[in-house]
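**Student:** File name final-v5.cif; file contents mmCIF, C-alpha atoms; full text below.
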data_work
loop_
_atom_site.label_atom_id
_atom_site.label_comp_id
_atom_site.auth_asym_id
_atom_site.auth_seq_id
_atom_site.Cartn_x
_atom_site.Cartn_y
_atom_site.Cartn_z
CA MET A 32 -5.71 -17.57 -15.38
CA ALA A 33 -3.69 -17.70 -12.20
CA SER A 34 -0.84 -20.11 -11.81
CA VAL A 35 -0.19 -21.52 -8.37
CA SER A 36 3.38 -22.43 -7.57
CA ALA A 37 2.72 -24.23 -4.32
CA ARG A 38 -0.11 -25.56 -2.26
CA PRO A 39 -0.87 -23.78 1.03
CA HIS A 40 1.80 -24.35 3.68
CA GLN A 41 4.35 -25.60 1.16
CA ALA A 42 7.38 -23.61 0.01
CA THR A 43 7.96 -22.94 -3.65
CA THR A 44 10.81 -22.22 -6.01
CA MET A 45 8.66 -21.12 -8.95
CA ALA A 46 10.30 -18.48 -11.14
CA ALA A 47 8.41 -15.22 -11.27
CA ALA A 48 8.87 -14.38 -14.93
CA ASN A 49 7.07 -11.35 -16.30
CA VAL A 50 4.82 -13.14 -18.79
CA PRO A 51 2.13 -11.02 -20.48
CA VAL A 52 -1.33 -12.43 -21.05
CA PRO A 53 -1.79 -13.17 -24.76
CA GLY A 54 -4.00 -10.74 -26.64
CA GLU A 55 -3.90 -7.99 -24.02
CA VAL A 56 -0.66 -6.10 -24.72
CA SER A 57 -1.33 -2.35 -24.78
CA PRO A 58 0.67 0.59 -26.12
CA LEU A 59 1.13 1.67 -22.52
CA THR A 60 2.79 -1.62 -21.70
CA LYS A 61 5.23 -1.17 -24.58
CA MET A 62 6.06 2.31 -23.28
CA HIS A 63 7.41 0.84 -20.07
CA SER A 64 10.61 -0.13 -21.87
CA GLY A 65 11.07 3.41 -23.21
CA PRO A 66 12.68 6.44 -21.58
CA ILE A 67 11.15 7.24 -18.20
CA ARG A 68 11.09 10.95 -19.02
CA PHE A 69 8.78 10.26 -21.95
CA LYS A 70 6.41 8.55 -19.55
CA MET A 71 6.18 11.63 -17.36
CA TRP A 72 5.73 13.90 -20.40
CA TRP A 73 2.96 11.66 -21.68
CA LEU A 74 1.32 11.55 -18.24
CA LEU A 75 1.35 15.31 -17.71
CA THR A 76 0.18 16.06 -21.24
CA THR A 77 -2.70 13.61 -20.99
CA VAL A 78 -3.78 14.91 -17.57
CA CYS A 79 -3.87 18.45 -18.95
CA LEU A 80 -5.92 17.35 -21.97
CA ILE A 81 -8.29 15.38 -19.76
CA GLN A 82 -8.90 18.35 -17.50
CA MET A 83 -9.35 20.72 -20.45
CA PHE A 84 -11.86 18.55 -22.26
CA GLY A 85 -13.53 17.39 -19.06
CA ASN A 86 -14.24 20.95 -18.03
CA THR A 87 -15.29 22.09 -21.50
CA PHE A 88 -17.61 19.38 -22.78
CA CYS A 89 -20.60 17.62 -21.25
CA LEU A 90 -20.72 15.03 -24.04
CA PHE A 91 -19.12 12.32 -21.92
CA GLY A 92 -22.01 11.95 -19.48
CA LYS A 93 -20.95 12.59 -15.90
CA LYS A 94 -21.73 9.69 -13.59
CA PRO A 95 -23.40 10.01 -10.18
CA VAL A 96 -20.86 10.35 -7.39
CA ASN A 97 -20.62 7.35 -5.07
CA PRO A 98 -21.47 8.39 -1.49
CA GLU A 99 -18.22 6.97 -0.07
CA ALA A 100 -16.18 9.38 -2.19
CA ASN A 101 -16.92 12.12 0.35
CA MET A 102 -16.66 10.01 3.51
CA ASN A 103 -13.91 9.46 6.05
CA ILE A 104 -12.93 5.94 7.14
CA SER A 105 -15.42 5.73 10.03
CA GLN A 106 -18.24 6.89 7.78
CA MET A 107 -17.31 4.39 5.07
CA ILE A 108 -17.46 1.50 7.54
CA SER A 109 -20.78 2.68 8.97
CA TYR A 110 -22.22 3.25 5.48
CA TRP A 111 -22.13 -0.48 4.81
CA GLY A 112 -23.69 -1.30 8.18
CA TYR A 113 -20.59 -2.55 10.03
CA PRO A 114 -19.66 -1.72 13.63
CA HIS A 115 -16.42 0.15 14.14
CA GLU A 116 -14.11 1.73 16.67
CA MET A 117 -11.44 4.39 16.21
CA HIS A 118 -8.36 4.38 18.42
CA GLU A 119 -5.19 6.49 18.50
CA VAL A 120 -1.81 4.82 18.76
CA ILE A 121 1.08 6.92 20.05
CA THR A 122 4.50 5.86 18.82
CA ALA A 123 7.68 6.01 20.89
CA ASP A 124 8.76 9.12 18.95
CA GLY A 125 5.45 10.92 19.42
CA TYR A 126 3.43 10.37 16.23
CA ILE A 127 -0.31 9.83 16.70
CA LEU A 128 -1.69 7.16 14.36
CA PRO A 129 -5.44 6.53 13.90
CA LEU A 130 -6.30 2.83 14.10
CA TYR A 131 -9.71 1.54 13.02
CA ARG A 132 -11.40 -1.63 14.20
CA ILE A 133 -14.24 -3.69 12.72
CA PRO A 134 -14.81 -6.03 15.69
CA HIS A 135 -17.26 -8.37 13.99
CA GLY A 136 -19.36 -8.88 10.89
CA LYS A 137 -22.56 -7.07 10.01
CA ASN A 138 -24.87 -9.91 10.99
CA ASP A 139 -22.76 -11.68 13.60
CA ALA A 140 -24.90 -13.48 16.20
CA ASN A 141 -21.77 -14.38 18.23
CA ARG A 142 -20.37 -10.87 18.44
CA LEU A 143 -19.40 -11.25 22.10
CA VAL A 144 -17.26 -14.33 21.44
CA GLN A 145 -13.49 -13.73 21.27
CA LYS A 146 -12.43 -13.78 17.62
CA PRO A 147 -9.05 -14.30 15.94
CA VAL A 148 -7.40 -10.97 15.16
CA VAL A 149 -6.08 -9.73 11.82
CA TYR A 150 -4.24 -6.49 11.11
CA LEU A 151 -4.25 -4.88 7.64
CA GLN A 152 -1.43 -2.50 6.65
CA HIS A 153 -1.74 -0.28 3.58
CA GLY A 154 0.88 0.68 1.01
CA LEU A 155 2.65 3.84 -0.15
CA LEU A 156 0.65 7.09 -0.60
CA VAL A 157 -2.62 5.57 0.62
CA THR A 158 -4.47 5.04 3.92
CA ALA A 159 -6.39 2.37 5.80
CA SER A 160 -9.36 3.13 3.54
CA ASN A 161 -7.66 1.05 0.81
CA TRP A 162 -9.04 -2.10 2.46
CA ILE A 163 -12.67 -0.87 2.23
CA LEU A 164 -12.78 1.08 -1.06
CA ASN A 165 -15.08 -1.45 -2.70
CA PRO A 166 -18.44 -2.90 -1.59
CA PRO A 167 -18.29 -5.58 1.16
CA ASP A 168 -18.06 -8.53 -1.24
CA LYS A 169 -14.79 -7.18 -2.71
CA SER A 170 -13.16 -5.40 0.26
CA LEU A 171 -10.87 -7.49 2.44
CA GLY A 172 -11.68 -5.52 5.61
CA PHE A 173 -15.38 -6.35 5.35
CA LEU A 174 -14.87 -9.90 4.08
CA LEU A 175 -12.66 -10.81 7.06
CA ALA A 176 -15.14 -9.33 9.52
CA ASP A 177 -17.97 -11.37 7.99
CA ALA A 178 -15.72 -14.46 8.07
CA GLY A 179 -15.49 -14.20 11.86
CA TYR A 180 -12.36 -12.10 12.40
CA ASP A 181 -11.62 -9.09 14.56
CA VAL A 182 -10.25 -6.69 11.92
CA TRP A 183 -7.89 -3.76 12.56
CA LEU A 184 -6.93 -1.20 9.89
CA GLY A 185 -3.75 0.81 10.47
CA ASN A 186 -2.33 4.08 9.14
CA SER A 187 1.32 4.93 8.57
CA ARG A 188 2.66 8.30 9.68
CA GLY A 189 2.29 11.17 7.26
CA ASN A 190 -0.77 10.07 5.34
CA ARG A 191 -4.01 12.06 5.21
CA TRP A 192 -5.21 10.84 8.61
CA SER A 193 -1.84 10.58 10.40
CA ARG A 194 -0.78 14.19 10.63
CA LYS A 195 -0.64 14.69 14.40
CA HIS A 196 2.25 14.60 16.85
CA LEU A 197 2.56 15.06 20.59
CA TYR A 198 4.81 18.10 20.26
CA LEU A 199 5.83 18.70 16.61
CA GLU A 200 3.84 21.02 14.35
CA THR A 201 2.59 19.32 11.18
CA ASN A 202 4.02 22.07 8.97
CA SER A 203 7.51 21.76 10.48
CA LYS A 204 10.44 20.11 8.70
CA GLU A 205 11.01 18.03 11.82
CA PHE A 206 7.58 16.39 11.52
CA TRP A 207 8.38 15.20 7.98
CA ALA A 208 11.91 13.97 8.73
CA PHE A 209 11.02 10.30 8.39
CA SER A 210 11.00 7.45 5.90
CA PHE A 211 9.86 3.84 6.09
CA ASP A 212 12.69 3.30 8.61
CA GLU A 213 10.53 4.96 11.27
CA MET A 214 7.49 2.95 10.21
CA VAL A 215 9.60 -0.17 10.78
CA LYS A 216 11.08 0.97 14.07
CA TYR A 217 8.14 2.80 15.62
CA ASP A 218 4.80 2.61 13.77
CA LEU A 219 4.45 -1.13 13.32
CA PRO A 220 5.60 -2.16 16.83
CA ALA A 221 3.37 0.46 18.50
CA THR A 222 0.33 -0.55 16.45
CA ILE A 223 0.73 -4.31 16.84
CA ASP A 224 1.48 -4.00 20.56
CA PHE A 225 -1.67 -1.87 20.96
CA ILE A 226 -3.80 -4.50 19.21
CA VAL A 227 -2.32 -7.39 21.19
CA LYS A 228 -2.82 -5.55 24.48
CA ASN A 229 -6.42 -4.56 23.73
CA THR A 230 -7.56 -7.92 22.37
CA GLY A 231 -5.67 -10.23 24.70
CA GLU A 232 -4.50 -12.29 21.73
CA LYS A 233 -0.88 -13.42 21.86
CA LYS A 234 -0.61 -13.87 18.10
CA ILE A 235 -2.38 -12.07 15.27
CA TYR A 236 -2.52 -12.36 11.48
CA TYR A 237 -0.82 -9.70 9.39
CA VAL A 238 -1.83 -8.67 5.86
CA GLY A 239 0.23 -6.08 4.02
CA HIS A 240 0.14 -4.58 0.55
CA SER A 241 3.17 -2.99 -1.16
CA GLN A 242 4.85 -0.77 1.46
CA GLY A 243 2.85 -2.72 4.03
CA THR A 244 4.87 -5.80 3.05
CA LEU A 245 8.17 -3.92 2.94
CA ILE A 246 7.92 -2.57 6.50
CA ALA A 247 6.78 -6.01 7.71
CA PHE A 248 9.80 -7.77 6.20
CA ALA A 249 12.13 -5.24 7.82
CA ALA A 250 10.35 -5.13 11.19
CA PHE A 251 9.94 -8.89 11.57
CA ALA A 252 13.59 -9.43 10.57
CA THR A 253 15.01 -6.89 13.01
CA ASN A 254 12.55 -7.22 15.90
CA PRO A 255 12.19 -10.88 16.98
CA GLN A 256 9.86 -9.95 19.87
CA LEU A 257 7.47 -8.33 17.40
CA ALA A 258 7.75 -11.25 14.99
CA GLU A 259 6.67 -13.66 17.73
CA LYS A 260 3.29 -11.91 17.81
CA ILE A 261 2.53 -12.74 14.18
CA LYS A 262 0.85 -16.04 13.32
CA ILE A 263 1.09 -15.70 9.51
CA ASN A 264 2.38 -12.85 7.36
CA PHE A 265 0.28 -12.44 4.19
CA ALA A 266 2.12 -10.29 1.62
CA LEU A 267 0.31 -8.85 -1.41
CA ALA A 268 2.52 -7.37 -4.16
CA PRO A 269 5.56 -7.86 -1.91
CA ALA A 270 8.36 -5.32 -2.10
CA ALA A 271 11.88 -5.12 -0.66
CA THR A 272 14.36 -4.28 -3.40
CA LEU A 273 13.01 -2.28 -6.36
CA THR A 274 15.87 -2.79 -8.79
CA TYR A 275 13.67 -3.64 -11.77
CA THR A 276 10.73 -1.31 -11.20
CA THR A 277 9.58 0.63 -14.27
CA SER A 278 6.92 2.67 -12.49
CA ILE A 279 6.94 6.43 -12.04
CA LEU A 280 9.06 5.87 -8.93
CA ARG A 281 12.03 5.30 -11.22
CA LEU A 282 11.64 8.81 -12.61
CA PHE A 283 11.87 10.22 -9.10
CA ALA A 284 14.94 8.07 -8.47
CA SER A 285 16.65 9.67 -11.48
CA ILE A 286 16.44 13.14 -9.92
CA HIS A 287 19.36 14.21 -7.73
CA PRO A 288 18.24 14.56 -4.08
CA THR A 289 19.18 18.25 -3.96
CA LEU A 290 17.13 19.01 -7.07
CA PHE A 291 14.32 16.79 -5.77
CA LYS A 292 14.10 18.92 -2.60
CA ILE A 293 14.10 22.09 -4.68
CA LEU A 294 11.22 20.74 -6.76
CA PHE A 295 9.14 19.17 -3.99
CA GLY A 296 10.37 20.80 -0.79
CA GLU A 297 11.46 18.93 2.31
CA LYS A 298 8.11 18.18 3.91
CA GLU A 299 5.07 16.44 2.45
CA PHE A 300 4.94 14.62 -0.89
CA LEU A 301 1.71 14.31 -2.91
CA PRO A 302 -0.61 15.31 -0.06
CA HIS A 303 -4.37 14.89 -0.19
CA THR A 304 -5.84 18.16 -1.51
CA ASN A 305 -8.98 19.48 -3.19
CA MET A 306 -7.40 18.34 -6.46
CA ASN A 307 -8.23 14.75 -5.43
CA LYS A 308 -11.91 15.64 -5.48
CA ILE A 309 -11.66 17.60 -8.75
CA ILE A 310 -9.90 14.75 -10.55
CA GLY A 311 -11.98 11.98 -8.99
CA GLN A 312 -15.44 13.52 -9.09
CA ASP A 313 -15.31 16.14 -11.85
CA VAL A 314 -12.66 15.08 -14.37
CA CYS A 315 -12.50 11.28 -14.35
CA ASN A 316 -16.14 10.69 -13.41
CA HIS A 317 -17.26 10.60 -17.06
CA ALA A 318 -17.83 7.50 -19.17
CA VAL A 319 -15.14 8.14 -21.79
CA ILE A 320 -12.69 10.13 -19.68
CA GLY A 321 -12.92 7.50 -16.94
CA THR A 322 -11.44 4.95 -19.32
CA ILE A 323 -8.56 7.32 -20.09
CA CYS A 324 -7.96 7.86 -16.36
CA ASN A 325 -8.00 4.10 -15.86
CA ASN A 326 -5.29 3.69 -18.49
CA LEU A 327 -3.22 6.47 -16.90
CA LEU A 328 -3.07 4.40 -13.73
CA THR A 329 -1.18 1.75 -15.68
CA LEU A 330 1.88 4.07 -15.66
CA VAL A 331 1.99 3.66 -11.90
CA SER A 332 0.78 0.11 -11.37
CA GLY A 333 0.98 -1.85 -14.62
CA TYR A 334 -1.49 -2.73 -17.38
CA ASN A 335 -4.73 -4.49 -16.52
CA PRO A 336 -7.53 -1.92 -17.04
CA LYS A 337 -10.28 -4.52 -17.45
CA ASN A 338 -9.89 -5.52 -13.80
CA LEU A 339 -10.72 -2.06 -12.41
CA ASN A 340 -14.29 -0.92 -11.74
CA GLU A 341 -14.45 2.42 -13.53
CA ASN A 342 -17.77 3.19 -11.82
CA ARG A 343 -15.82 3.64 -8.59
CA LEU A 344 -12.97 5.79 -9.91
CA ASP A 345 -14.44 8.74 -8.00
CA VAL A 346 -13.96 6.81 -4.74
CA TYR A 347 -10.43 5.66 -5.59
CA LEU A 348 -9.10 8.98 -6.90
CA THR A 349 -10.72 11.04 -4.16
CA LYS A 350 -8.77 9.00 -1.59
CA ILE A 351 -5.51 8.51 -3.51
CA PRO A 352 -2.86 9.89 -3.26
CA ALA A 353 -2.95 10.54 0.47
CA GLY A 354 0.57 11.82 1.10
CA THR A 355 3.86 10.75 2.62
CA SER A 356 7.15 12.53 3.31
CA VAL A 357 9.64 13.71 0.71
CA GLN A 358 12.26 11.83 2.70
CA ASN A 359 10.32 8.60 2.29
CA ILE A 360 10.33 9.02 -1.51
CA LEU A 361 14.06 9.77 -1.38
CA HIS A 362 14.51 6.55 0.59
CA TYR A 363 12.69 4.61 -2.14
CA SER A 364 14.96 6.32 -4.67
CA GLN A 365 17.98 5.02 -2.78
CA VAL A 366 16.54 1.50 -2.77
CA ILE A 367 16.04 1.71 -6.54
CA ASN A 368 19.46 3.17 -7.32
CA LYS A 369 21.50 0.99 -4.96
CA GLY A 370 19.59 -2.24 -5.56
CA THR A 371 19.68 -2.97 -1.83
CA PHE A 372 17.13 -3.21 0.96
CA GLN A 373 18.63 -0.99 3.62
CA ALA A 374 18.03 1.93 5.95
CA TYR A 375 17.98 5.57 4.85
CA ASP A 376 21.34 7.01 3.81
CA TRP A 377 21.64 10.43 5.43
CA GLY A 378 24.33 11.47 2.96
CA ASN A 379 27.54 11.30 4.96
CA SER A 380 29.31 9.19 7.56
CA PHE A 381 28.74 11.64 10.40
CA LEU A 382 24.95 11.74 9.96
CA ASN A 383 24.77 7.98 9.41
CA ILE A 384 26.65 7.37 12.66
CA LEU A 385 24.30 9.81 14.39
CA HIS A 386 21.20 7.98 13.15
CA HIS A 387 22.44 4.41 12.65
CA ASN A 388 25.52 4.14 14.90
CA GLN A 389 27.60 3.19 11.86
CA PRO A 390 29.02 5.11 8.88
CA THR A 391 26.84 3.32 6.30
CA PRO A 392 23.13 2.47 6.51
CA PRO A 393 22.46 -1.05 7.85
CA LEU A 394 20.93 -3.64 5.56
CA TYR A 395 17.56 -5.22 6.24
CA HIS A 396 18.13 -8.98 6.06
CA VAL A 397 14.82 -10.56 5.04
CA GLU A 398 16.32 -14.02 5.62
CA ASP A 399 16.35 -13.25 9.37
CA MET A 400 12.54 -13.13 9.38
CA LYS A 401 11.16 -16.43 10.70
CA VAL A 402 7.43 -15.64 10.47
CA PRO A 403 5.45 -18.04 8.23
CA THR A 404 4.85 -16.02 5.08
CA ALA A 405 2.51 -16.38 2.11
CA ILE A 406 2.88 -14.11 -0.92
CA TRP A 407 0.82 -13.20 -3.97
CA SER A 408 2.57 -11.45 -6.87
CA GLY A 409 1.55 -10.05 -10.24
CA GLY A 410 3.00 -10.67 -13.68
CA ARG A 411 2.15 -7.13 -14.80
CA ASP A 412 3.15 -5.38 -11.61
CA ILE A 413 5.64 -2.70 -12.63
CA LEU A 414 6.36 -1.55 -9.06
CA ALA A 415 6.91 -4.92 -7.37
CA ASP A 416 8.47 -6.31 -10.54
CA PRO A 417 8.42 -10.12 -10.96
CA ILE A 418 12.24 -10.26 -11.03
CA ASP A 419 12.47 -8.39 -7.73
CA VAL A 420 9.81 -10.69 -6.29
CA LYS A 421 11.75 -13.75 -7.46
CA ASN A 422 14.88 -12.44 -5.72
CA LEU A 423 12.87 -11.70 -2.58
CA GLU A 424 11.28 -15.16 -2.64
CA GLY A 425 14.67 -16.81 -2.30
CA LYS A 426 15.36 -14.87 0.90
CA ILE A 427 12.13 -15.72 2.75
CA SER A 428 13.23 -18.53 5.05
CA ASN A 429 9.71 -19.61 6.06
CA LEU A 430 7.79 -19.27 2.81
CA ILE A 431 4.62 -21.36 2.98
CA TYR A 432 2.88 -20.27 -0.22
CA HIS A 433 3.48 -18.27 -3.39
CA LYS A 434 0.86 -17.61 -6.02
CA LYS A 435 1.73 -15.64 -9.13
CA ILE A 436 -1.14 -14.11 -11.08
CA PRO A 437 0.13 -13.29 -14.60
CA SER A 438 -2.48 -10.60 -15.36
CA TYR A 439 -2.21 -8.68 -12.07
CA ASN A 440 -0.81 -5.18 -11.70
CA HIS A 441 0.08 -3.42 -8.44
CA LEU A 442 -3.43 -2.14 -7.67
CA ASP A 443 -5.29 -5.35 -8.48
CA PHE A 444 -4.40 -6.82 -5.07
CA VAL A 445 -6.72 -4.36 -3.34
CA LEU A 446 -9.00 -3.04 -6.11
CA GLY A 447 -9.26 -5.84 -8.69
CA LEU A 448 -12.72 -6.97 -9.77
CA ASP A 449 -11.73 -10.62 -9.33
CA VAL A 450 -9.56 -10.16 -6.23
CA TYR A 451 -11.92 -12.19 -4.02
CA ASP A 452 -11.63 -15.30 -6.21
CA GLN A 453 -7.93 -14.85 -6.91
CA ILE A 454 -6.67 -13.96 -3.42
CA TYR A 455 -9.08 -13.14 -0.62
CA THR A 456 -10.82 -16.50 -0.50
CA GLU A 457 -7.39 -18.14 -0.20
CA ILE A 458 -6.33 -15.85 2.64
CA ILE A 459 -9.52 -16.61 4.58
CA THR A 460 -9.13 -20.35 3.96
CA MET A 461 -5.52 -20.34 5.16
CA MET A 462 -6.49 -18.40 8.27
CA ASN A 463 -9.34 -20.78 9.02
CA GLU A 464 -7.12 -23.83 8.58
CA SER A 465 -4.47 -22.44 10.94
CA GLN A 466 -6.82 -22.01 13.88
#
How does the structure come out when it is put into structure tokens?
**Tutor:**
Amino acid sequence: MASVSARPHQATTMAAANVPVPGEVSPLTKMHSGPIRFKMWWLLTTVCLIQMFGNTFCLFGKKPVNPEANMNISQMISYWGYPHEMHEVITADGYILPLYRIPHGKNDANRLVQKPVVYLQHGLLVTASNWILNPPDKSLGFLLADAGYDVWLGNSRGNRWSRKHLYLETNSKEFWAFSFDEMVKYDLPATIDFIVKNTGEKKIYYVGHSQGTLIAFAAFATNPQLAEKIKINFALAPAATLTYTTSILRLFASIHPTLFKILFGEKEFLPHTNMNKIIGQDVCNHAVIGTICNNLLTLVSGYNPKNLNENRLDVYLTKIPAGTSVQNILHYSQVINKGTFQAYDWGNSFLNILHHNQPTPPLYHVEDMKVPTAIWSGGRDILADPIDVKNLEGKISNLIYHKKIPSYNHLDFVLGLDVYDQIYTEIITMMNESQ
């Protein structure tokens, strides 16, 4: 059962302790305190076994594939009967970002009336589809549209749908020479400015998940003109520092950058490939194996398998992962190892001066962000760890609400079976009350 640390529009000082729900401690959860290399060994071994048995036996009963598993974002929106538009945002450094709009609800009689605007920003290694992966009653993109909002779904550079540039080739090292710094400096301002210009609204609502919260904290703290365009910042599984993360990201952070580039190259990291479809629709789309795949996800997000709809694993795993840059993962590694929320360290004073105009990377000061902010955090989130969230909470100068959900892992905020009751209904209520 969720514990609320403050009523809407009131700040809170509630400690975000990592308290497990009684009776639901799994072996996977206990593994989180063990060596990170054992986690990766266990993950790879299990994936191999799953694929071997999944391809060999038909005893597990393959499930029908959900139609959305093979759809793009426009098709997914249309499939559920919602109107949509697709726009392209061009950043100041030339990246072309697809931006999707659901201008009104499915059965909106007042569709021509100007509606309040909300922008949804996805997290790491995913796309705008994360907000519509479930049916309309459990997907925030659809719920907001039906609640009377003009909904915009953005994409960060380098994901499956954001692989175009005005003059750089996608397979060039130059195209992939970015981290979340560029999302902060270029992607978010270009996207929000585009929405404001095209809707005529002076202020919009912002909802971010994971990396979507991280780039918002940095952008709103360093760009006051951008921050003035945000009415309320809603942060789900908020991240800034990642000092206490025990997710697979910590394994990557333990690899020296030179070795990391040898292993993964210097371009794209975990791109969307045909393997997504094989794992999502052929391997994990079986009754028994699906449960194993569900538990594997706990190594990335935290333990709460009962809150994931295994009948839609084919949709989730066909879309995720969706790619980012190797440099972005190296930036996260720096955040983990240094325990600071700061710009990318290019490795020496000369390069840092070239990119940052100073010999060391500048810090992102969350306390400089004045936007009213509401956050929802999870007690079992092993990426946005409760201790990191507690430290972040103390730096948010205009915190209006914090709800901690003890059972929630990192994915529950967008995919959880009970996410409407736990979070989405509160977001809609707070938006309605602020009109």
**Student:** So what do you get for atom CA of Ser428 of chain A versus atom CA of Glu398 of chain A, distance-wise?
**Tutor:**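 Taking atom CA of Ser428 of chain A as the start and atom CA of Glu398 of chain A as the end point, the length is 5.5 Å.
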**Student:** Report, in Å with one decimal, the straight-line distance from atom CA of Thr201 of chain A to atom CA of Met107 of chain A.
**Tutor:** 25.6 Å
**Student:** What is the atom CA of His317 of chain A to atom CA of Lys337 of chain A distance in Å?
**Tutor:** 16.7 Å
**Student:** Could you check the closest approach to Thr244 of chain A for each of A:Ile367, A:Leu423, A:Ala208, A:Ala176 and tell me which residue wins, using all atoms listed in the file?
**Tutor:** A:Leu423
**Student:** Compare A:Phe291, A:Phe381, A:Trp207, A:Tyr451 by their minimum atom-to-atom distance to Leu174 of chain A, counting all atoms listed in the file, and give me the closest one.
**Tutor:**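 Checking each of A:Phe291, A:Phe381, A:Trp207, A:Tyr451 against Leu174 of chain A, counting all atoms listed in the file, the winner is A:Tyr451.
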**Student:** Met462 of chain A: which residues within 10 Å, counting only C-alpha atoms, same-chain residues fewer than 6 positions away excluded, as a list in words?
**Tutor:** Pro147, Val149, Leu175, Tyr180, Tyr236, Lys262, Ile263, Phe265 and Thr456 of chain A
**Student:** What do you get, as a list in words, if you spell out every residue that the PyMOL selection byres ((chain A and resi 313) around 10) selects here?
**Tutor:**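 Applying the PyMOL selection byres ((chain A and resi 313) around 10) to the structure shown produces Gln82, Gly85, Asn86, Lys93, Lys94, Val96, Met306, Asn307, Lys308, Ile309, Ile310, Gly311, Gln312, Val314, Cys315, Asn316, His317 and Asp345 of chain A.
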**Student:** Excluding same-chain residues fewer than 5 positions from Ile246 of chain A, what lies within 8 Å of it counting only C-alpha atoms, as JSON, numbers by chain?
**Tutor:** {"A": [211, 212, 214, 215, 219]}
**Student:** With all atoms listed in the file as the atoms that count, which of A:Tyr275, A:Phe372, A:Phe283, A:Tyr395 lies nearest to Asp419 of chain A?
**Tutor:** A:Tyr275
**Student:** Written as JSON, numbers by chain, what is the full residue list that the PyMOL selection byres ((chain A and resi 109) around 12) yields on the file shown?
**Tutor:** {"A": [98, 99, 102, 103, 104, 105, 106, 107, 108, 110, 111, 112, 113, 114, 115, 116, 117, 131, 132, 133, 136, 137, 163, 167, 173]}
**Student:** Of the residues A:Ser408, A:Asn141, A:Asn383, A:Asn190, which is the one nearest to Pro352 of chain A, using only C-alpha atoms?
**Tutor:**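 The closest residue to Pro352 of chain A is A:Asn190.
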**Student:** Running the PyMOL selection byres ((chain A and resi 154-160) around 6) on this model by hand, what would come out? Give it as a VMD selection string.
**Tutor:** chain A and resid 104 153 161 to 163 184 to 186 240 to 243 351 to 355
**Student:** Please save C-alpha atoms of the selected residues as an mmCIF file, keeping the file's coordinate frame.
**Tutor:**
data_model
loop_
_atom_site.group_PDB
_atom_site.id
_atom_site.type_symbol
_atom_site.label_atom_id
_atom_site.label_comp_id
_atom_site.auth_asym_id
_atom_site.auth_seq_id
_atom_site.Cartn_x
_atom_site.Cartn_y
_atom_site.Cartn_z
ATOM 1 C CA ILE A 104 -12.930 5.940 7.140
ATOM 2 C CA HIS A 153 -1.740 -0.280 3.580
ATOM 3 C CA ASN A 161 -7.660 1.050 0.810
ATOM 4 C CA TRP A 162 -9.040 -2.100 2.460
ATOM 5 C CA ILE A 163 -12.670 -0.870 2.230
ATOM 6 C CA LEU A 184 -6.930 -1.200 9.890
ATOM 7 C CA GLY A 185 -3.750 0.810 10.470
ATOM 8 C CA ASN A 186 -2.330 4.080 9.140
ATOM 9 C CA HIS A 240 0.140 -4.580 0.550
ATOM 10 C CA SER A 241 3.170 -2.990 -1.160
ATOM 11 C CA GLN A 242 4.850 -0.770 1.460
ATOM 12 C CA GLY A 243 2.850 -2.720 4.030
ATOM 13 C CA ILE A 351 -5.510 8.510 -3.510
ATOM 14 C CA PRO A 352 -2.860 9.890 -3.260
ATOM 15 C CA ALA A 353 -2.950 10.540 0.470
ATOM 16 C CA GLY A 354 0.570 11.820 1.100
ATOM 17 C CA THR A 355 3.860 10.750 2.620
#
**Student:** Ranking A:Leu273, A:Leu344, A:Leu327, A:Leu280 by minimum distance to Lys369 of chain A and counting all atoms listed in the file, which one comes first?
**Tutor:** A:Leu273
**Student:** Here is a test: counting all atoms listed in the file, which residue of A:Pro255, A:Pro417, A:Pro129, A:Gly447 is nearest to Thr277 of chain A?
**Tutor:**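 Of A:Pro255, A:Pro417, A:Pro129, A:Gly447, the one nearest Thr277 of chain A, counting all atoms listed in the file, is A:Pro417.
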**Student:** Around the point (-2.5, -8.4, -12.8) in the file's coordinates, collect all residues with an atom within 7 Å, using only C-alpha atoms, and return them as a PyMOL selection string.
**Tutor:** chain A and resi 335+409-412+436-440+443
**Student:** Within 7 Å of (4.3, -11.9, -2.1) (coordinates as in the file), grab all the protein and nucleic acid residues, counting all atoms listed in the file, and write them out as a list in words.
**Tutor:**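 Residues close enough to count: Ala266, Leu267, Ala268, Pro269, Ala405, Ile406, Trp407, Ser408 and His433 of chain A.
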**Student:** Keeping C-alpha atoms for every residue in the selection just given, could you write it to a file as a PDB file, in the coordinates of the input?
**Tutor:**
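File written: again38.pdb
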ATOM      1  CA  ALA A 266       2.120 -10.290   1.620  1.00  0.00           C
ATOM      2  CA  LEU A 267       0.310  -8.850  -1.410  1.00  0.00           C
ATOM      3  CA  ALA A 268       2.520  -7.370  -4.160  1.00  0.00           C
ATOM      4  CA  PRO A 269       5.560  -7.860  -1.910  1.00  0.00           C
ATOM      5  CA  ALA A 405       2.510 -16.380   2.110  1.00  0.00           C
ATOM      6  CA  ILE A 406       2.880 -14.110  -0.920  1.00  0.00           C
ATOM      7  CA  TRP A 407       0.820 -13.200  -3.970  1.00  0.00           C
ATOM      8  CA  SER A 408       2.570 -11.450  -6.870  1.00  0.00           C
ATOM      9  CA  HIS A 433       3.480 -18.270  -3.390  1.00  0.00           C
TER      10      HIS A 433
END
